[in-house]
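query30.tsv follows (TSV, C-alpha atoms):
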```
chain	number	residue	atom	x	y	z
A	17	MET	CA	52.70	-12.05	19.81
A	18	THR	CA	51.54	-8.47	19.29
A	19	ASP	CA	50.59	-9.06	15.67
A	20	ALA	CA	48.69	-12.22	16.60
A	21	ALA	CA	46.75	-10.31	19.26
A	22	TYR	CA	45.63	-7.50	16.98
A	23	THR	CA	45.10	-9.29	13.68
A	24	PRO	CA	41.62	-10.71	14.50
A	25	ASP	CA	40.34	-7.28	15.59
A	26	ASP	CA	41.77	-5.69	12.50
A	27	THR	CA	40.07	-8.35	10.36
A	28	VAL	CA	36.71	-7.76	12.06
A	29	VAL	CA	36.99	-4.00	11.60
A	30	THR	CA	37.96	-4.43	7.96
A	31	GLU	CA	35.03	-6.77	7.26
A	32	ALA	CA	32.61	-4.44	9.03
A	33	ASP	CA	33.89	-1.44	7.09
A	34	THR	CA	33.64	-3.36	3.84
A	35	ALA	CA	30.07	-4.42	4.58
A	36	ARG	CA	29.15	-0.85	5.52
A	37	ALA	CA	30.72	0.51	2.36
A	38	ASP	CA	28.90	-2.07	0.24
A	39	ALA	CA	25.61	-1.17	1.89
A	40	LEU	CA	26.19	2.54	1.24
A	41	ARG	CA	27.08	1.87	-2.38
A	42	GLY	CA	23.92	-0.22	-2.76
A	43	MET	CA	21.79	2.53	-1.27
A	44	ALA	CA	23.41	5.15	-3.50
A	45	ARG	CA	22.86	2.96	-6.56
A	46	ASN	CA	19.19	2.36	-5.71
A	47	LEU	CA	18.66	6.06	-5.04
A	48	GLY	CA	20.32	6.97	-8.31
A	49	ILE	CA	18.17	4.52	-10.27
A	50	SER	CA	15.04	5.82	-8.52
A	51	MET	CA	15.94	9.41	-9.37
A	52	LEU	CA	16.58	8.41	-12.96
A	53	GLY	CA	13.16	6.75	-13.14
A	54	LEU	CA	11.48	9.87	-11.71
A	55	GLY	CA	13.43	12.02	-14.15
A	56	ILE	CA	12.18	9.95	-17.09
A	57	LEU	CA	8.63	10.18	-15.78
A	58	GLY	CA	8.98	13.97	-15.42
A	59	ALA	CA	10.34	14.25	-18.96
A	60	LEU	CA	7.39	12.26	-20.35
A	61	TRP	CA	5.01	14.47	-18.35
A	62	ALA	CA	6.63	17.62	-19.77
A	63	PHE	CA	6.51	16.22	-23.30
A	64	GLY	CA	2.83	15.35	-22.89
A	65	GLY	CA	2.13	18.86	-21.61
A	66	TRP	CA	3.93	20.34	-24.60
A	67	LEU	CA	1.88	18.19	-27.01
A	68	ILE	CA	-1.33	19.41	-25.37
A	69	THR	CA	-0.36	23.06	-25.86
A	70	GLN	CA	0.29	22.42	-29.57
A	71	SER	CA	-3.29	21.28	-30.17
A	72	ASP	CA	-5.97	23.95	-30.50
A	73	GLY	CA	-8.65	21.59	-29.21
A	74	MET	CA	-6.60	20.54	-26.15
A	75	ARG	CA	-4.95	23.84	-25.25
A	76	ALA	CA	-7.38	24.41	-22.37
A	77	PHE	CA	-5.78	21.42	-20.62
A	78	GLY	CA	-2.31	22.99	-20.79
A	79	GLN	CA	-2.49	23.69	-17.05
A	80	LEU	CA	-1.90	19.97	-16.51
A	81	ALA	CA	1.70	20.47	-17.65
A	82	PRO	CA	4.46	20.34	-14.98
A	83	GLY	CA	4.96	24.12	-14.73
A	84	PRO	CA	1.38	25.19	-13.85
A	85	THR	CA	0.78	22.04	-11.80
A	86	LEU	CA	3.86	22.45	-9.61
A	87	GLU	CA	3.19	26.17	-9.21
A	88	ARG	CA	-0.35	25.41	-8.06
A	89	LEU	CA	0.92	22.67	-5.75
A	90	TRP	CA	3.33	25.08	-4.08
A	91	ASP	CA	0.48	27.56	-3.64
A	92	MET	CA	-1.65	24.83	-2.02
A	93	ILE	CA	1.20	23.94	0.33
A	94	GLN	CA	1.66	27.56	1.35
A	95	ARG	CA	-2.05	27.94	2.00
A	96	GLY	CA	-2.08	24.78	4.13
A	97	GLU	CA	-4.61	23.01	1.93
A	98	ILE	CA	-2.88	19.63	1.64
A	99	TRP	CA	-3.59	18.18	5.08
A	100	PRO	CA	-7.29	19.21	5.32
A	101	MET	CA	-7.74	17.69	1.86
A	102	SER	CA	-5.88	14.46	2.64
A	103	ALA	CA	-6.88	13.74	6.26
A	104	PRO	CA	-10.46	12.54	5.54
A	105	SER	CA	-9.19	10.21	2.80
A	106	LEU	CA	-6.48	8.76	5.06
A	107	GLU	CA	-9.06	8.20	7.80
A	108	ARG	CA	-11.40	6.36	5.43
A	109	VAL	CA	-8.59	4.21	4.08
A	110	GLY	CA	-7.42	3.48	7.63
A	111	TRP	CA	-10.84	2.30	8.76
A	112	GLY	CA	-11.42	0.27	5.60
A	113	LEU	CA	-8.03	-1.37	5.88
A	114	ALA	CA	-8.54	-2.11	9.59
A	115	ILE	CA	-11.84	-3.86	8.82
A	116	ALA	CA	-10.18	-5.81	5.99
A	117	ILE	CA	-7.38	-6.95	8.30
A	118	ALA	CA	-9.82	-7.91	11.08
A	119	ALA	CA	-11.80	-10.04	8.63
A	120	GLY	CA	-9.06	-11.26	6.29
A	121	VAL	CA	-6.39	-12.48	8.72
A	122	PRO	CA	-8.58	-14.80	10.86
A	123	MET	CA	-10.40	-16.15	7.81
A	124	GLY	CA	-7.09	-16.65	5.99
A	125	ILE	CA	-5.71	-18.63	8.95
A	126	LEU	CA	-8.83	-20.81	9.04
A	127	ILE	CA	-8.88	-21.66	5.33
A	128	GLY	CA	-5.14	-22.18	5.40
A	129	ARG	CA	-5.39	-24.69	8.25
A	130	ILE	CA	-8.68	-26.47	7.48
A	131	GLY	CA	-8.73	-28.31	4.17
A	132	TRP	CA	-12.49	-28.82	3.83
A	133	LEU	CA	-13.17	-25.18	4.67
A	134	ARG	CA	-10.63	-24.10	2.02
A	135	ASP	CA	-12.39	-26.27	-0.58
A	136	LEU	CA	-15.78	-24.95	0.49
A	137	CYS	CA	-14.79	-21.26	0.31
A	138	ASN	CA	-12.49	-21.30	-2.71
A	139	ALA	CA	-15.10	-20.92	-5.47
A	140	PRO	CA	-17.29	-18.32	-3.66
A	141	PHE	CA	-14.27	-16.25	-2.61
A	142	GLN	CA	-12.74	-16.33	-6.08
A	143	LEU	CA	-16.07	-15.25	-7.55
A	144	LEU	CA	-16.46	-12.36	-5.11
A	145	ARG	CA	-12.83	-11.32	-5.55
A	146	MET	CA	-13.32	-10.82	-9.29
A	147	ILE	CA	-16.24	-8.41	-8.81
A	148	SER	CA	-15.15	-4.79	-9.08
A	149	PRO	CA	-15.44	-3.12	-5.66
A	150	LEU	CA	-17.16	-0.16	-7.31
A	151	SER	CA	-19.92	-2.52	-8.45
A	152	TRP	CA	-21.03	-2.60	-4.82
A	153	MET	CA	-21.54	1.17	-4.78
A	154	PRO	CA	-25.37	1.18	-5.20
A	155	ILE	CA	-25.73	-1.49	-2.51
A	156	ALA	CA	-23.38	0.40	-0.18
A	157	VAL	CA	-25.38	3.61	-0.61
A	158	MET	CA	-28.61	1.81	0.29
A	159	ALA	CA	-27.11	-0.21	3.15
A	160	PHE	CA	-25.29	2.56	5.03
A	161	SER	CA	-26.83	5.67	6.52
A	162	THR	CA	-23.75	7.84	5.91
A	163	TRP	CA	-21.54	8.43	2.88
A	164	ASP	CA	-18.46	7.74	4.96
A	165	GLY	CA	-19.84	4.33	5.92
A	166	ALA	CA	-20.45	3.47	2.27
A	167	ILE	CA	-16.94	4.53	1.24
A	168	ILE	CA	-15.31	2.58	4.08
A	169	PHE	CA	-17.33	-0.49	3.06
A	170	LEU	CA	-16.13	-0.21	-0.55
A	171	ILE	CA	-12.52	0.12	0.59
A	172	ALA	CA	-12.85	-2.88	2.93
A	173	VAL	CA	-14.38	-5.01	0.16
A	174	ALA	CA	-11.49	-4.10	-2.13
A	175	ALA	CA	-8.77	-4.66	0.47
A	176	VAL	CA	-9.87	-7.88	2.16
A	177	TRP	CA	-8.96	-10.32	-0.62
A	178	PRO	CA	-5.19	-9.75	-0.86
A	179	ILE	CA	-4.92	-10.01	2.93
A	180	LEU	CA	-7.05	-13.16	3.10
A	181	PHE	CA	-5.30	-15.06	0.31
A	182	ALA	CA	-1.80	-13.98	1.36
A	183	THR	CA	-2.50	-15.12	4.93
A	184	ALA	CA	-3.89	-18.47	3.76
A	185	ALA	CA	-0.87	-19.05	1.49
A	186	GLY	CA	1.47	-18.28	4.38
A	187	VAL	CA	-0.29	-20.73	6.69
A	188	ARG	CA	-0.07	-23.51	4.09
A	189	ARG	CA	3.71	-22.97	3.81
A	190	ILE	CA	4.32	-23.51	7.53
A	191	ASP	CA	6.49	-26.56	8.13
A	192	PRO	CA	4.24	-29.19	9.81
A	193	ALA	CA	7.21	-30.21	11.95
A	194	TRP	CA	7.03	-26.86	13.75
A	195	LEU	CA	3.44	-27.53	14.79
A	196	LYS	CA	4.21	-31.11	15.76
A	197	VAL	CA	7.15	-30.14	17.94
A	198	SER	CA	5.08	-27.39	19.58
A	199	ARG	CA	2.29	-29.82	20.42
A	200	ASN	CA	4.77	-32.33	21.81
A	201	LEU	CA	6.08	-29.58	24.07
A	202	GLY	CA	2.58	-29.02	25.40
A	203	ALA	CA	1.52	-25.99	23.36
A	204	LYS	CA	-2.20	-25.25	23.40
A	205	PRO	CA	-4.05	-23.95	20.29
A	206	VAL	CA	-3.70	-20.36	21.52
A	207	HIS	CA	0.05	-20.83	22.02
A	208	LEU	CA	0.35	-22.33	18.53
A	209	LEU	CA	-1.41	-19.31	17.06
A	210	VAL	CA	0.53	-16.66	18.98
A	211	TYR	CA	4.01	-18.16	19.11
A	212	VAL	CA	4.20	-20.29	15.94
A	213	ILE	CA	1.61	-19.43	13.28
A	214	LEU	CA	1.52	-15.63	13.50
A	215	PRO	CA	5.32	-15.17	13.58
A	216	ALA	CA	5.68	-17.64	10.70
A	217	ILE	CA	3.18	-15.81	8.49
A	218	ALA	CA	4.06	-12.25	9.53
A	219	GLN	CA	5.71	-11.48	6.21
A	220	ASP	CA	2.78	-12.91	4.26
A	221	ILE	CA	0.30	-10.83	6.23
A	222	LEU	CA	2.33	-7.64	5.80
A	223	THR	CA	2.75	-8.32	2.08
A	224	GLY	CA	-1.00	-8.83	1.78
A	225	ILE	CA	-1.57	-5.57	3.64
A	226	ARG	CA	0.81	-3.80	1.28
A	227	LEU	CA	-1.09	-5.09	-1.76
A	228	ALA	CA	-4.42	-4.27	-0.11
A	229	LEU	CA	-3.30	-0.72	0.65
A	230	GLY	CA	-2.44	-0.15	-3.00
A	231	ILE	CA	-5.86	-1.38	-4.10
A	232	ALA	CA	-7.64	0.62	-1.39
A	233	TRP	CA	-5.82	3.80	-2.39
A	234	VAL	CA	-6.89	3.31	-6.02
A	235	VAL	CA	-10.52	2.63	-5.09
A	236	LEU	CA	-10.63	5.61	-2.73
A	237	VAL	CA	-10.82	8.37	-5.35
A	238	PRO	CA	-13.83	7.09	-7.35
A	239	ALA	CA	-15.50	6.05	-4.09
A	240	GLU	CA	-15.22	9.65	-2.88
A	241	TYR	CA	-17.16	10.79	-5.93
A	242	LEU	CA	-20.17	9.89	-3.80
A	243	GLY	CA	-21.93	12.55	-1.78
A	244	VAL	CA	-19.01	13.51	0.49
A	245	SER	CA	-17.70	17.07	0.57
A	246	SER	CA	-14.15	16.28	1.69
A	247	GLY	CA	-11.21	14.13	0.68
A	248	LEU	CA	-8.92	13.77	-2.29
A	249	GLY	CA	-11.60	12.30	-4.57
A	250	TYR	CA	-13.89	15.21	-3.81
A	251	ALA	CA	-11.03	17.63	-4.52
A	252	ILE	CA	-10.45	15.98	-7.91
A	253	ASN	CA	-14.14	16.20	-8.77
A	254	ASP	CA	-14.39	19.80	-7.60
A	255	ALA	CA	-11.34	20.88	-9.61
A	256	ARG	CA	-12.76	19.21	-12.71
A	257	ASP	CA	-16.16	20.88	-12.32
A	258	SER	CA	-14.55	24.30	-11.80
A	259	LEU	CA	-12.17	23.77	-14.76
A	260	ASP	CA	-9.20	24.40	-12.46
A	261	TYR	CA	-6.91	21.94	-14.21
A	262	ALA	CA	-3.76	23.11	-12.45
A	263	ARG	CA	-5.38	22.26	-9.11
A	264	LEU	CA	-6.57	18.95	-10.55
A	265	GLY	CA	-3.02	18.06	-11.62
A	266	ALA	CA	-1.63	19.15	-8.24
A	267	THR	CA	-4.18	16.98	-6.41
A	268	VAL	CA	-3.31	13.99	-8.59
A	269	LEU	CA	0.35	14.56	-7.70
A	270	VAL	CA	-0.53	14.69	-3.99
A	271	ILE	CA	-2.41	11.38	-4.34
A	272	GLY	CA	0.63	9.78	-5.97
A	273	VAL	CA	3.09	11.08	-3.38
A	274	ILE	CA	0.96	9.98	-0.42
A	275	GLY	CA	0.38	6.57	-1.98
A	276	TYR	CA	4.11	6.14	-2.60
A	277	ALA	CA	4.86	7.14	0.99
A	278	LEU	CA	2.33	4.64	2.36
A	279	ASP	CA	3.78	1.86	0.20
A	280	THR	CA	7.28	2.72	1.42
A	281	LEU	CA	6.11	2.49	5.04
A	282	CYS	CA	4.68	-0.96	4.29
A	283	MET	CA	7.99	-2.09	2.80
A	284	LEU	CA	9.86	-0.84	5.86
A	285	ALA	CA	7.41	-2.70	8.12
A	286	ILE	CA	7.98	-5.90	6.15
A	287	LYS	CA	11.75	-5.57	6.53
A	288	ARG	CA	11.55	-4.55	10.18
A	289	PHE	CA	9.07	-7.05	11.59
A	290	SER	CA	9.62	-10.08	9.37
A	291	TRP	CA	12.09	-12.81	10.19
A	292	LEU	CA	12.42	-13.53	6.46
A	293	ARG	CA	14.31	-11.13	4.26
A	294	SER	CA	12.30	-9.21	1.66
A	295	ASP	CA	13.89	-7.52	-1.34
A	296	THR	CA	10.64	-6.35	-2.92
```
Rendering of file as structure tokens:
Amino acid sequence: MTDAAYTPDDTVVTEADTARADALRGMARNLGISMLGLGILGALWAFGGWLITQSDGMRAFGQLAPGPTLERLWDMIQRGEIWPMSAPSLERVGWGLAIAIAAGVPMGILIGRIGWLRDLCNAPFQLLRMISPLSWMPIAVMAFSTWDGAIIFLIAVAAVWPILFATAAGVRRIDPAWLKVSRNLGAKPVHLLVYVILPAIAQDILTGIRLALGIAWVVLVPAEYLGVSSGLGYAINDARDSLDYARLGATVLVIGVIGYALDTLCMLAIKRFSWLRSDT
């Protein structure tokens, strides 16, 4: 009787412990592989820096090697230069991404739901999507009264397409039975949107935002070569003009770290707010 009473609890505890141990082993394995990848990247960086120092014509760029770059980065951190340098860029990316989401999600839902509208917009959207966002730079400079406005426009143009197409693809994958059952239960169009469509495509939207963020972060630096006097792109340009290659390398490293952190936050959001599991 006693054994029968305690065996189920013991089984549950054992299964929970096993699952927890498996999860910890998986996390340790992923962390180890990530560290190995970063180690290989660092080794290649060091080897490239060593090759530069061996060439008389390239020796001036030796400050881009890991040693001088990391030393300069630590000096920038101690001086508190990282946040003032990064904050304007993050603000511009935030505004550009917000505009892209505000335009891309509703339009993606519409072309995903309405067949004739999808057929009408497909060719123009595909054409516009293939135009480099930086090609719009002269038009942006003429159209906006401020440099910040032009940069935000370029970021929004770059970021809107992944969000739009990911949203439309998610809408098209919705099971029609869900919509039919909802209508039979008396759901109005607003209820369908809020309680059926948006939850069903949440992962698609977040994945589109993740892709858009990566594109926006890449476009940001050349966009900030415009007339602004702040931001990471400006810092890159300024370091190049002043021949401070250690600072240039440190700024590039800051751009990579911030971009990686933003991408990680997007992955966590996908896993946290999606009802479908994502392993990407």
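Separating CA of Asp257 in chain A from CA of Ala174 in chain A is a distance of 27.4 Å.
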(message) I'd like to know which of A:Leu57, A:Leu133, A:Ile125, A:Val176 is closest to Val210 in chain A, using only C-alpha atoms.
(response) A:Ile125
(message) Show me the residues close to (-0.7, 22.1, -13.4) - anything with an atom within 12 Å, counting only C-alpha atoms - and format the list as a count of residues only.
(response) 33
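When the distance limit is 9 Å and all atoms listed in the file are what count, the residues near range 152-154 of chain A, minus those fewer than 6 positions from it on the same chain, are Ala166, Ile167, Phe169, Leu170, Val173, Ala239 and Leu242 of chain A.
When all atoms listed in the file are used to compute distances to Val109 in chain A, the closest of the residues A:Asp135, A:Asp38, A:Glu240, A:Asp220 turns out to be A:Glu240.
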(request) Just the residues within 12 Å of Arg134 in chain A, please, counting only C-alpha atoms, with nothing from its chain fewer than 4 positions along; format it as a list in words. (result)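 Counting only the stated atoms, we get Met123, Gly124, Ile125, Leu126, Ile127, Gly128, Arg129, Ile130, Asn138, Ala139, Pro140, Phe141, Gln142, Leu180, Phe181, Ala184, Ala185, Val187 and Arg188 of chain A.
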Could the residues in this selection be saved with C-alpha atoms as a PDB file, in the frame of the given file?
```
ATOM      1  CA  MET A 123     -10.400 -16.150   7.810  1.00  0.00           C
ATOM      2  CA  GLY A 124      -7.090 -16.650   5.990  1.00  0.00           C
ATOM      3  CA  ILE A 125      -5.710 -18.630   8.950  1.00  0.00           C
ATOM      4  CA  LEU A 126      -8.830 -20.810   9.040  1.00  0.00           C
ATOM      5  CA  ILE A 127      -8.880 -21.660   5.330  1.00  0.00           C
ATOM      6  CA  GLY A 128      -5.140 -22.180   5.400  1.00  0.00           C
ATOM      7  CA  ARG A 129      -5.390 -24.690   8.250  1.00  0.00           C
ATOM      8  CA  ILE A 130      -8.680 -26.470   7.480  1.00  0.00           C
ATOM      9  CA  ASN A 138     -12.490 -21.300  -2.710  1.00  0.00           C
ATOM     10  CA  ALA A 139     -15.100 -20.920  -5.470  1.00  0.00           C
ATOM     11  CA  PRO A 140     -17.290 -18.320  -3.660  1.00  0.00           C
ATOM     12  CA  PHE A 141     -14.270 -16.250  -2.610  1.00  0.00           C
ATOM     13  CA  GLN A 142     -12.740 -16.330  -6.080  1.00  0.00           C
ATOM     14  CA  LEU A 180      -7.050 -13.160   3.100  1.00  0.00           C
ATOM     15  CA  PHE A 181      -5.300 -15.060   0.310  1.00  0.00           C
ATOM     16  CA  ALA A 184      -3.890 -18.470   3.760  1.00  0.00           C
ATOM     17  CA  ALA A 185      -0.870 -19.050   1.490  1.00  0.00           C
ATOM     18  CA  VAL A 187      -0.290 -20.730   6.690  1.00  0.00           C
ATOM     19  CA  ARG A 188      -0.070 -23.510   4.090  1.00  0.00           C
TER      20      ARG A 188
END
```
(message) Report, in Å to a single decimal, how far apart CA of Ile252 in chain A and CA of Pro178 in chain A are.
(response)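 Computing the Euclidean distance for CA of Pro178 in chain A and CA of Ile252 in chain A yields 27.2 Å.
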(request) Tell me, in Å to one decimal, how far CA of Ile221 in chain A is from CA of Pro122 in chain A. (result)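 Straight-line distance from CA of Ile221 in chain A to CA of Pro122 in chain A works out to 10.8 Å.
Among A:Leu229, A:Ile93, A:Ile190, A:Ala218, the residue with the shortest atom-to-atom distance to Ala172 in chain A, counting only C-alpha atoms, is A:Leu229.
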(request) Pick out the closest residue to Ile231 in chain A from this set: A:Pro205, A:Gly58, A:Gly131, A:Pro149. Count all atoms listed in the file. (result) A:Pro149
Shell around Ala114 in chain A at 10 Å using only C-alpha atoms, local window under 2 positions removed, as an mmCIF file with C-alpha atoms, in the frame of the given file:
```cif
data_model
loop_
_atom_site.group_PDB
_atom_site.id
_atom_site.type_symbol
_atom_site.label_atom_id
_atom_site.label_comp_id
_atom_site.auth_asym_id
_atom_site.auth_seq_id
_atom_site.Cartn_x
_atom_site.Cartn_y
_atom_site.Cartn_z
ATOM 1 C CA ARG A 108 -11.400 6.360 5.430
ATOM 2 C CA VAL A 109 -8.590 4.210 4.080
ATOM 3 C CA GLY A 110 -7.420 3.480 7.630
ATOM 4 C CA TRP A 111 -10.840 2.300 8.760
ATOM 5 C CA GLY A 112 -11.420 0.270 5.600
ATOM 6 C CA ALA A 116 -10.180 -5.810 5.990
ATOM 7 C CA ILE A 117 -7.380 -6.950 8.300
ATOM 8 C CA ALA A 118 -9.820 -7.910 11.080
ATOM 9 C CA ALA A 119 -11.800 -10.040 8.630
ATOM 10 C CA GLY A 120 -9.060 -11.260 6.290
ATOM 11 C CA ILE A 168 -15.310 2.580 4.080
ATOM 12 C CA ALA A 172 -12.850 -2.880 2.930
ATOM 13 C CA ALA A 175 -8.770 -4.660 0.470
ATOM 14 C CA VAL A 176 -9.870 -7.880 2.160
ATOM 15 C CA ILE A 225 -1.570 -5.570 3.640
#
```
(request) Compare A:Leu222, A:Ala44, A:Met101, A:Ile147 by their minimum atom-to-atom distance to Lys287 in chain A, counting all atoms listed in the file, and give me the closest one. (result) A:Leu222
(request) Determine the nearest neighbour of Val235 in chain A from the options A:Pro215, A:Leu150, A:Trp194, A:Tyr276, counting all atoms listed in the file. (result)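 Selected residue with least distance to Val235 in chain A: A:Leu150.
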